[in-house]
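A short worksheet on the structure shown next.
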Amino acid sequence: MQVLVLPENKDINYIKTVQEVKRFFADFLRFRVITGLSQKPFIESNGLLETPHFGSVAFSARHNIELIKEARLLVQRYTEMLNQMDDLYRKILIECYVEKEKDIAVMMSLPYEIAQFKRIKRRAVLELATIMGILVRK
């Protein structure tokens with residue numbers, strides 16, 4: 001496991017970073033649809049996202065083959081990156097930004113108080129943003 005050094009909190013524009021993370025997940029879901037997968041990824045019993053298995057390219061006449069191949073590559077890379085994250089971080093991010101659950105609903109499924117949950121979610125967002133290169137600084 002890699003050690004990730006996050007920048008100082010005072011250097012981060014957290015609100016814009018959250019907007020970029022939301023955009024990342026919207027793109028991830030859109031790319032899954034383009035590749036012929038279901039929009040939302042299946043979460044396996046071990047907590048990891050399913051490994052994407054792509055069918056033939058012939059199903060879609062409205063997308064060109066290069067676009068589908070590029071989307072497949074991105075879906076595979078994004079899935080691998082998400083699967084390398086801490087289990088708790090991945091669970092929170094998937095439930096908040098893919099399943100679109102409210103924070104309180106996600107918090108109720110976890111053994112944390114609201115303040116602790118917010119700190120964990122913030123760390124998860126910042127870690128994903130740092131890994132993906134979408135962290136917004138002030």
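Chain labels A, B, ... are given in the sequence in which chains occur in the structure tokens; within each chain residues are numbered consecutively from 1, and ligands are likewise numbered from 1 in the order shown.
The shell of residues at most 12 Å from Asp87 in chain A, with only C-alpha atoms counted and near chain neighbours (fewer than 5 positions) removed, consists of Ile43, Glu44, Ser45, Asn46, Gly47, Leu48, Leu49, Leu82, Ile92, Leu93, Ile94, Ile120 and Ala124 of chain A.
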Filtered DSSP result for chain A, state alpha helix (DSSP H), as a VMD selection string: chain A and resid 14 to 34 65 to 84 87 to 93 103 to 108 114 to 132
Can you tell me how far CA of Leu135 in chain A sits from CA of Leu29 in chain A, in Å to one decimal? 19.9 Å
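If you measure from each of A:Arg30, A:Arg122, A:His53, A:Lys40 to Glu95 in chain A using only C-alpha atoms, the closest one turns out to be A:Lys40.
The shortest atom-to-atom distance to Ala115 in chain A, with only C-alpha atoms taken into account, belongs to A:Asp103 out of A:Phe24, A:Lys16, A:Asn64, A:Asp103.
Residues lying within 9 Å of range 67-69 of chain A, counting only C-alpha atoms and ignoring same-chain neighbours fewer than 3 positions away, are Phe31, Ile34, Thr35, Gly36, Val57, His63, Asn64, Arg72, Leu73 and Leu74 of chain A.
Interatomic distance, CA of Glu70 in chain A to CA of Asn83 in chain A: 19.9 Å.
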Taking into account only C-alpha atoms, which residue in the set A:Gln116, A:Asn9, A:Gln19, A:Gln39 is nearest to Val98 in chain A?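 Under the stated criterion, the closest residue is A:Gln39.
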Report, in Å with one decimal, the straight-line distance from CA of Glu99 in chain A to CA of Gly55 in chain A. 24.6 Å
Hey, what does DSSP flag as strand (DSSP E or B) within chain A? Can you give it to me as an MDAnalysis selection string? chainID A and resid 12 43 49 137
Within 8 Å of Leu37 in chain A, counting only C-alpha atoms, which residues show up once you throw out same-chain ones fewer than 4 positions away? Write them as an mmCIF file with all heavy atoms, in the first residue's frame, please.
```cif
data_model
loop_
_atom_site.group_PDB
_atom_site.id
_atom_site.type_symbol
_atom_site.label_atom_id
_atom_site.label_comp_id
_atom_site.auth_asym_id
_atom_site.auth_seq_id
_atom_site.Cartn_x
_atom_site.Cartn_y
_atom_site.Cartn_z
ATOM 1 N N ARG A 32 -19.080 3.864 -18.093
ATOM 2 C CA ARG A 32 -19.571 2.484 -17.926
ATOM 3 C C ARG A 32 -20.707 2.208 -18.913
ATOM 4 O O ARG A 32 -20.758 1.145 -19.513
ATOM 5 C CB ARG A 32 -20.034 2.248 -16.489
ATOM 6 C CG ARG A 32 -18.898 2.105 -15.494
ATOM 7 C CD ARG A 32 -19.412 1.793 -14.106
ATOM 8 N NE ARG A 32 -20.187 0.574 -14.055
ATOM 9 C CZ ARG A 32 -19.683 -0.649 -13.914
ATOM 10 N NH1 ARG A 32 -18.386 -0.820 -13.800
ATOM 11 N NH2 ARG A 32 -20.475 -1.705 -13.882
ATOM 12 N N VAL A 33 -21.595 3.161 -19.084
ATOM 13 C CA VAL A 33 -22.718 2.976 -20.013
ATOM 14 C C VAL A 33 -22.205 2.893 -21.449
ATOM 15 O O VAL A 33 -22.658 2.045 -22.231
ATOM 16 C CB VAL A 33 -23.742 4.117 -19.845
ATOM 17 C CG1 VAL A 33 -24.790 4.077 -20.948
ATOM 18 C CG2 VAL A 33 -24.405 4.024 -18.484
ATOM 19 N N PRO A 52 -14.481 -5.082 -14.412
ATOM 20 C CA PRO A 52 -15.317 -4.935 -15.606
ATOM 21 C C PRO A 52 -15.001 -6.010 -16.657
ATOM 22 O O PRO A 52 -13.838 -6.272 -16.942
ATOM 23 C CB PRO A 52 -14.975 -3.546 -16.125
ATOM 24 C CG PRO A 52 -13.775 -3.090 -15.406
ATOM 25 C CD PRO A 52 -13.581 -3.963 -14.222
ATOM 26 N N PHE A 54 -15.982 -6.753 -20.495
ATOM 27 C CA PHE A 54 -16.596 -6.092 -21.636
ATOM 28 C C PHE A 54 -16.983 -7.115 -22.696
ATOM 29 O O PHE A 54 -16.265 -8.064 -22.951
ATOM 30 C CB PHE A 54 -15.623 -5.075 -22.237
ATOM 31 C CG PHE A 54 -15.133 -4.065 -21.237
ATOM 32 C CD1 PHE A 54 -13.824 -4.081 -20.798
ATOM 33 C CD2 PHE A 54 -15.989 -3.104 -20.740
ATOM 34 C CE1 PHE A 54 -13.374 -3.155 -19.876
ATOM 35 C CE2 PHE A 54 -15.550 -2.169 -19.812
ATOM 36 C CZ PHE A 54 -14.239 -2.199 -19.380
#
```
